[in-house]
$ cat start-v8.cif   # mmCIF, C-alpha atoms, pLDDT in the B column; chains and numbers go by the auth columns
data_entry
loop_
_atom_site.group_PDB
_atom_site.id
_atom_site.type_symbol
_atom_site.label_atom_id
_atom_site.label_comp_id
_atom_site.label_asym_id
_atom_site.label_seq_id
_atom_site.Cartn_x
_atom_site.Cartn_y
_atom_site.Cartn_z
_atom_site.B_iso_or_equiv
_atom_site.auth_seq_id
_atom_site.auth_asym_id
ATOM 1 C CA MET A 1 -313.477 61.943 90.793 96.00 1 A
ATOM 2 C CA LEU A 2 -310.032 61.187 89.441 97.00 2 A
ATOM 3 C CA TYR A 3 -309.958 59.946 85.868 97.00 3 A
ATOM 4 C CA ILE A 4 -306.805 58.035 84.963 97.00 4 A
ATOM 5 C CA LEU A 5 -306.279 57.682 81.236 97.00 5 A
ATOM 6 C CA TYR A 6 -303.674 55.207 79.961 95.00 6 A
ATOM 7 C CA SER A 7 -304.700 54.628 76.356 92.00 7 A
ATOM 8 C CA SER A 8 -303.992 56.632 73.277 92.00 8 A
ATOM 9 C CA PRO A 9 -307.005 58.856 72.587 90.00 9 A
ATOM 10 C CA SER A 10 -307.411 57.077 69.252 89.00 10 A
ATOM 11 C CA TYR A 11 -308.198 53.841 71.087 90.00 11 A
ATOM 12 C CA CYS A 12 -310.731 54.937 73.697 89.00 12 A
ATOM 13 C CA ASP A 13 -314.077 56.678 73.845 91.00 13 A
ATOM 14 C CA ILE A 14 -312.943 60.200 74.704 90.00 14 A
ATOM 15 C CA ASP A 15 -316.428 61.659 74.273 91.00 15 A
ATOM 16 C CA SER A 16 -317.888 59.260 76.864 92.00 16 A
ATOM 17 C CA LEU A 17 -315.103 60.047 79.304 91.00 17 A
ATOM 18 C CA LEU A 18 -315.533 63.795 78.970 93.00 18 A
ATOM 19 C CA SER A 19 -319.320 63.648 79.184 93.00 19 A
ATOM 20 C CA THR A 20 -319.088 62.178 82.696 93.00 20 A
ATOM 21 C CA THR A 21 -316.762 64.849 84.106 94.00 21 A
ATOM 22 C CA ASN A 22 -317.606 67.887 86.194 92.00 22 A
ATOM 23 C CA LYS A 23 -315.724 70.932 87.472 92.00 23 A
ATOM 24 C CA ASN A 24 -314.393 69.198 90.598 93.00 24 A
ATOM 25 C CA ASP A 25 -312.784 66.350 88.679 96.00 25 A
ATOM 26 C CA ASP A 26 -309.165 65.791 87.804 97.00 26 A
ATOM 27 C CA LEU A 27 -307.739 63.843 84.893 97.00 27 A
ATOM 28 C CA ILE A 28 -304.264 62.398 84.718 98.00 28 A
ATOM 29 C CA LEU A 29 -302.616 61.299 81.493 98.00 29 A
ATOM 30 C CA LEU A 30 -300.328 58.286 81.770 97.00 30 A
ATOM 31 C CA GLY A 31 -298.639 56.072 79.206 97.00 31 A
ATOM 32 C CA ASN A 32 -299.705 56.672 75.619 96.00 32 A
ATOM 33 C CA SER A 33 -302.459 59.074 76.639 97.00 33 A
ATOM 34 C CA VAL A 34 -299.862 61.839 77.081 98.00 34 A
ATOM 35 C CA ILE A 35 -300.067 62.468 73.334 96.00 35 A
ATOM 36 C CA ILE A 36 -303.259 64.362 74.138 97.00 36 A
ATOM 37 C CA GLY A 37 -300.999 67.117 75.454 97.00 37 A
ATOM 38 C CA LEU A 38 -299.306 67.859 72.153 97.00 38 A
ATOM 39 C CA ILE A 39 -299.577 71.555 71.350 96.00 39 A
ATOM 40 C CA ASN A 40 -302.673 72.277 69.237 92.00 40 A
ATOM 41 C CA SER A 41 -303.667 68.621 68.906 94.00 41 A
ATOM 42 C CA LYS A 42 -307.351 68.049 68.168 94.00 42 A
ATOM 43 C CA PHE A 43 -307.573 66.016 71.373 95.00 43 A
ATOM 44 C CA LEU A 44 -306.083 68.781 73.512 95.00 44 A
ATOM 45 C CA LEU A 45 -308.494 71.335 72.080 95.00 45 A
ATOM 46 C CA LYS A 46 -311.408 69.021 72.912 94.00 46 A
ATOM 47 C CA PHE A 47 -310.212 68.416 76.500 94.00 47 A
ATOM 48 C CA LEU A 48 -309.662 72.111 77.169 94.00 48 A
ATOM 49 C CA LYS A 49 -313.359 72.793 76.560 94.00 49 A
ATOM 50 C CA TYR A 50 -314.195 70.975 79.812 94.00 50 A
ATOM 51 C CA PRO A 51 -313.771 72.532 83.279 93.00 51 A
ATOM 52 C CA ILE A 52 -311.475 69.823 84.663 95.00 52 A
ATOM 53 C CA SER A 53 -307.875 69.968 85.791 97.00 53 A
ATOM 54 C CA ILE A 54 -305.610 67.971 83.490 97.00 54 A
ATOM 55 C CA TYR A 55 -302.293 66.508 84.619 98.00 55 A
ATOM 56 C CA ALA A 56 -299.665 64.423 82.829 98.00 56 A
ATOM 57 C CA LEU A 57 -296.847 62.321 84.223 98.00 57 A
ATOM 58 C CA GLU A 58 -293.518 63.846 83.243 98.00 58 A
ATOM 59 C CA ASP A 59 -291.712 60.504 82.925 98.00 59 A
ATOM 60 C CA ASP A 60 -294.226 59.347 80.306 98.00 60 A
ATOM 61 C CA ILE A 61 -293.863 62.600 78.363 98.00 61 A
ATOM 62 C CA ILE A 62 -290.073 62.310 78.345 98.00 62 A
ATOM 63 C CA ALA A 63 -290.148 58.594 77.502 97.00 63 A
ATOM 64 C CA ARG A 64 -292.043 59.451 74.316 97.00 64 A
ATOM 65 C CA GLY A 65 -289.803 62.401 73.430 97.00 65 A
ATOM 66 C CA LEU A 66 -292.680 64.869 73.661 97.00 66 A
ATOM 67 C CA ASN A 67 -291.375 67.332 76.259 94.00 67 A
ATOM 68 C CA GLN A 68 -290.527 70.087 73.763 97.00 68 A
ATOM 69 C CA TYR A 69 -293.899 69.699 72.003 97.00 69 A
ATOM 70 C CA PHE A 70 -296.047 69.516 75.119 98.00 70 A
ATOM 71 C CA SER A 71 -298.669 72.138 75.914 97.00 71 A
ATOM 72 C CA ASP A 72 -298.268 74.339 78.982 97.00 72 A
ATOM 73 C CA LYS A 73 -302.050 74.106 79.461 96.00 73 A
ATOM 74 C CA ILE A 74 -301.559 70.684 81.070 97.00 74 A
ATOM 75 C CA ILE A 75 -299.963 70.422 84.496 98.00 75 A
ATOM 76 C CA VAL A 76 -296.892 68.204 84.352 98.00 76 A
ATOM 77 C CA ILE A 77 -296.359 66.207 87.530 98.00 77 A
ATOM 78 C CA GLN A 78 -294.061 63.649 89.134 98.00 78 A
ATOM 79 C CA TYR A 79 -295.068 60.384 90.812 96.00 79 A
ATOM 80 C CA ASN A 80 -295.373 62.116 94.214 97.00 80 A
ATOM 81 C CA GLU A 81 -298.070 64.450 92.885 97.00 81 A
ATOM 82 C CA PHE A 82 -299.809 61.492 91.274 97.00 82 A
ATOM 83 C CA VAL A 83 -300.023 59.838 94.686 96.00 83 A
ATOM 84 C CA LEU A 84 -301.448 63.062 96.150 97.00 84 A
ATOM 85 C CA LEU A 85 -304.148 63.094 93.469 97.00 85 A
ATOM 86 C CA THR A 86 -305.130 59.519 94.344 95.00 86 A
ATOM 87 C CA GLU A 87 -305.349 60.526 98.014 96.00 87 A
ATOM 88 C CA LYS A 88 -307.443 63.589 97.152 96.00 88 A
ATOM 89 C CA HIS A 89 -310.022 61.554 95.218 96.00 89 A
ATOM 90 C CA ILE A 90 -311.625 58.596 96.948 93.00 90 A
ATOM 91 C CA HIS A 91 -313.355 57.656 93.675 95.00 91 A
ATOM 92 C CA GLN A 92 -311.231 56.876 90.633 96.00 92 A
ATOM 93 C CA ILE A 93 -311.902 55.529 87.173 94.00 93 A
ATOM 94 C CA SER A 94 -309.239 54.144 84.846 93.00 94 A
ATOM 95 C CA TRP A 95 -309.748 54.387 81.097 87.00 95 A
#
$ encode --input "start-v8.cif" --output "C-alpha coordinates"
Amino acid sequence: MLYILYSSPSYCDIDSLLSTTNKNDDLILLGNSVIIGLINSKFLLKFLKYPISIYALEDDIIARGLNQYFSDKIIVIQYNEFVLLTEKHIHQISW
(Lines of atoms letter the chains of each structure in order from A and count residues from 1; the text may use other names and numbers.)
(Lines give C-alpha, C1' and ligand atoms only; values in the text may rest on other atoms or scores of the structure.)
Protein backbone atom coordinates (compact mmCIF):
# COMPACT_ATOMS: atom_id res chain seq x y z
CA MET A 1 0.00 0.00 0.00
CA LEU A 2 1.17 3.51 -0.76
CA TYR A 3 0.11 6.12 1.76
CA ILE A 4 0.15 9.67 0.42
CA LEU A 5 0.09 12.31 3.13
CA TYR A 6 -0.64 15.93 2.17
CA SER A 7 -1.72 17.50 5.45
CA SER A 8 0.32 18.88 8.27
CA PRO A 9 0.60 16.20 10.96
CA SER A 10 -1.17 18.57 13.35
CA TYR A 11 -4.31 18.37 11.21
CA CYS A 12 -4.69 14.64 10.61
CA ASP A 13 -4.99 11.46 12.62
CA ILE A 14 -1.39 10.25 12.46
CA ASP A 15 -2.00 7.42 14.92
CA SER A 16 -4.78 5.96 12.74
CA LEU A 17 -2.61 6.19 9.65
CA LEU A 18 0.34 4.46 11.29
CA SER A 19 -1.79 1.75 12.87
CA THR A 20 -2.87 0.55 9.41
CA THR A 21 0.64 0.23 7.97
CA ASN A 22 2.80 -2.85 7.59
CA LYS A 23 6.39 -3.57 6.58
CA ASN A 24 5.66 -3.66 2.84
CA ASP A 25 4.08 -0.21 2.77
CA ASP A 26 5.51 3.06 1.60
CA LEU A 27 4.58 6.56 2.72
CA ILE A 28 5.20 9.72 0.76
CA LEU A 29 5.10 13.18 2.29
CA LEU A 30 3.76 15.92 0.04
CA GLY A 31 2.75 19.52 0.67
CA ASN A 32 2.65 20.54 4.32
CA SER A 33 3.24 17.00 5.53
CA VAL A 34 6.96 17.38 4.78
CA ILE A 35 7.34 19.09 8.16
CA ILE A 36 7.27 15.58 9.60
CA GLY A 37 10.82 15.23 8.29
CA LEU A 38 12.30 17.97 10.44
CA ILE A 39 15.28 16.64 12.37
CA ASN A 40 14.23 15.36 15.80
CA SER A 41 10.60 16.42 15.42
CA LYS A 42 8.15 14.50 17.60
CA PHE A 43 6.35 13.40 14.44
CA LEU A 44 9.51 12.05 12.83
CA LEU A 45 10.38 10.06 15.94
CA LYS A 46 6.88 8.54 15.93
CA PHE A 47 7.05 7.61 12.22
CA LEU A 48 10.48 6.02 12.55
CA LYS A 49 9.09 3.48 15.02
CA TYR A 50 7.15 1.83 12.18
CA PRO A 51 8.73 -0.51 9.60
CA ILE A 52 7.67 1.49 6.53
CA SER A 53 9.71 3.31 3.93
CA ILE A 54 9.19 7.07 4.13
CA TYR A 55 9.73 9.39 1.17
CA ALA A 56 9.33 13.14 0.75
CA LEU A 57 9.06 15.24 -2.38
CA GLU A 58 12.10 17.47 -2.69
CA ASP A 59 10.22 20.36 -4.32
CA ASP A 60 7.88 20.58 -1.32
CA ILE A 61 10.81 20.53 1.11
CA ILE A 62 12.57 23.33 -0.77
CA ALA A 63 9.37 25.36 -1.19
CA ARG A 64 9.05 25.46 2.60
CA GLY A 65 12.73 26.27 3.18
CA LEU A 66 13.30 23.05 5.12
CA ASN A 67 16.11 21.44 3.12
CA GLN A 68 18.87 22.26 5.62
CA TYR A 69 16.73 21.06 8.56
CA PHE A 70 15.47 17.86 6.96
CA SER A 71 16.32 14.44 8.36
CA ASP A 72 18.43 12.03 6.32
CA LYS A 73 16.23 9.21 7.65
CA ILE A 74 13.61 10.11 5.04
CA ILE A 75 14.28 9.40 1.38
CA VAL A 76 14.02 12.60 -0.65
CA ILE A 77 12.65 12.03 -4.14
CA GLN A 78 11.72 13.84 -7.34
CA TYR A 79 8.44 13.58 -9.26
CA ASN A 80 9.78 10.69 -11.38
CA GLU A 81 10.32 8.55 -8.28
CA PHE A 82 6.87 9.52 -7.04
CA VAL A 83 5.39 8.14 -10.26
CA LEU A 84 7.39 4.92 -9.79
CA LEU A 85 5.95 4.54 -6.29
CA THR A 86 2.41 4.89 -7.64
CA GLU A 87 3.19 2.22 -10.25
CA LYS A 88 4.67 -0.08 -7.60
CA HIS A 89 1.55 0.08 -5.41
CA ILE A 90 -1.78 -0.75 -6.98
CA HIS A 91 -3.54 0.30 -3.76
CA GLN A 92 -3.11 3.85 -2.50
CA ILE A 93 -4.65 5.92 0.25
CA SER A 94 -4.44 9.71 0.47
CA TRP A 95 -4.55 11.37 3.88
$ residues_near_point --input "start-v8.cif" --point "(-308.9, 57.8, 71.7)" --cutoff "12 Å" --atoms "only C-alpha atoms" --output "ChimeraX atom specification"
/A:5-18,32-36,42-44,46-47,95
$ atom_distance --input "start-v8.cif" --atom1 "CA of Ala63 (chain A)" --atom2 "CA of Asp25 (chain A)"
26.4 Å
$ residues_around --input "start-v8.cif" --residues "region 55-60 of chain A" --least-positions-apart "4" --cutoff "12 Å" --atoms "all atoms listed in the file" --output "count of residues only"
42
$ closest_residue --input "start-v8.cif" --among "A:Ile39, A:Leu45, A:Ile62, A:Ile52" --to "Met1 (chain A)" --atoms "all atoms listed in the file"
A:Ile52
$ closest_residue --input "start-v8.cif" --among "A:Asn40, A:Thr21, A:Tyr69, A:Lys49" --to "Gln92 (chain A)" --atoms "all atoms listed in the file"
A:Thr21
$ atom_distance --input "start-v8.cif" --atom1 "CA of Ser41 (chain A)" --atom2 "CA of Lys88 (chain A)"
28.9 Å
$ decode --input "start-v8.cif" --residues "region 56-73 of chain A" --atoms "N, CA and C atoms" --output "PDB file, in the first residue's frame"
ATOM      1  N   ALA A  56       9.843  11.774   0.782  1.00  0.00           N
ATOM      2  CA  ALA A  56       9.328  13.144   0.754  1.00  0.00           C
ATOM      3  C   ALA A  56       9.711  13.776  -0.579  1.00  0.00           C
ATOM      4  N   LEU A  57       8.817  14.579  -1.106  1.00  0.00           N
ATOM      5  CA  LEU A  57       9.056  15.237  -2.385  1.00  0.00           C
ATOM      6  C   LEU A  57       9.968  16.446  -2.181  1.00  0.00           C
ATOM      7  N   GLU A  58      11.090  16.431  -2.861  1.00  0.00           N
ATOM      8  CA  GLU A  58      12.103  17.473  -2.690  1.00  0.00           C
ATOM      9  C   GLU A  58      11.559  18.872  -2.967  1.00  0.00           C
ATOM     10  N   ASP A  59      10.756  19.039  -3.996  1.00  0.00           N
ATOM     11  CA  ASP A  59      10.223  20.360  -4.319  1.00  0.00           C
ATOM     12  C   ASP A  59       9.413  20.945  -3.164  1.00  0.00           C
ATOM     13  N   ASP A  60       8.670  20.099  -2.452  1.00  0.00           N
ATOM     14  CA  ASP A  60       7.877  20.579  -1.325  1.00  0.00           C
ATOM     15  C   ASP A  60       8.755  20.929  -0.126  1.00  0.00           C
ATOM     16  N   ILE A  61       9.847  20.220   0.040  1.00  0.00           N
ATOM     17  CA  ILE A  61      10.805  20.535   1.108  1.00  0.00           C
ATOM     18  C   ILE A  61      11.453  21.884   0.834  1.00  0.00           C
ATOM     19  N   ILE A  62      11.905  22.074  -0.378  1.00  0.00           N
ATOM     20  CA  ILE A  62      12.568  23.330  -0.770  1.00  0.00           C
ATOM     21  C   ILE A  62      11.593  24.496  -0.709  1.00  0.00           C
ATOM     22  N   ALA A  63      10.369  24.286  -1.178  1.00  0.00           N
ATOM     23  CA  ALA A  63       9.367  25.356  -1.188  1.00  0.00           C
ATOM     24  C   ALA A  63       9.087  25.886   0.219  1.00  0.00           C
ATOM     25  N   ARG A  64       9.286  25.063   1.222  1.00  0.00           N
ATOM     26  CA  ARG A  64       9.051  25.464   2.602  1.00  0.00           C
ATOM     27  C   ARG A  64      10.345  25.849   3.330  1.00  0.00           C
ATOM     28  N   GLY A  65      11.452  25.858   2.601  1.00  0.00           N
ATOM     29  CA  GLY A  65      12.729  26.268   3.178  1.00  0.00           C
ATOM     30  C   GLY A  65      13.260  25.316   4.233  1.00  0.00           C
ATOM     31  N   LEU A  66      12.934  24.029   4.090  1.00  0.00           N
ATOM     32  CA  LEU A  66      13.300  23.054   5.118  1.00  0.00           C
ATOM     33  C   LEU A  66      14.502  22.194   4.765  1.00  0.00           C
ATOM     34  N   ASN A  67      15.077  22.364   3.588  1.00  0.00           N
ATOM     35  CA  ASN A  67      16.111  21.436   3.120  1.00  0.00           C
ATOM     36  C   ASN A  67      17.301  21.317   4.067  1.00  0.00           C
ATOM     37  N   GLN A  68      17.714  22.379   4.721  1.00  0.00           N
ATOM     38  CA  GLN A  68      18.866  22.260   5.623  1.00  0.00           C
ATOM     39  C   GLN A  68      18.497  21.698   6.997  1.00  0.00           C
ATOM     40  N   TYR A  69      17.195  21.583   7.273  1.00  0.00           N
ATOM     41  CA  TYR A  69      16.729  21.059   8.557  1.00  0.00           C
ATOM     42  C   TYR A  69      16.077  19.687   8.425  1.00  0.00           C
ATOM     43  N   PHE A  70      16.198  19.088   7.255  1.00  0.00           N
ATOM     44  CA  PHE A  70      15.472  17.863   6.956  1.00  0.00           C
ATOM     45  C   PHE A  70      16.299  16.629   7.301  1.00  0.00           C
ATOM     46  N   SER A  71      15.649  15.661   7.905  1.00  0.00           N
ATOM     47  CA  SER A  71      16.316  14.441   8.359  1.00  0.00           C
ATOM     48  C   SER A  71      16.776  13.573   7.189  1.00  0.00           C
ATOM     49  N   ASP A  72      17.934  12.965   7.341  1.00  0.00           N
ATOM     50  CA  ASP A  72      18.431  12.034   6.321  1.00  0.00           C
ATOM     51  C   ASP A  72      17.814  10.644   6.494  1.00  0.00           C
ATOM     52  N   LYS A  73      16.914  10.491   7.441  1.00  0.00           N
ATOM     53  CA  LYS A  73      16.234   9.208   7.654  1.00  0.00           C
ATOM     54  C   LYS A  73      15.019   9.062   6.732  1.00  0.00           C
TER      55      LYS A  73
END
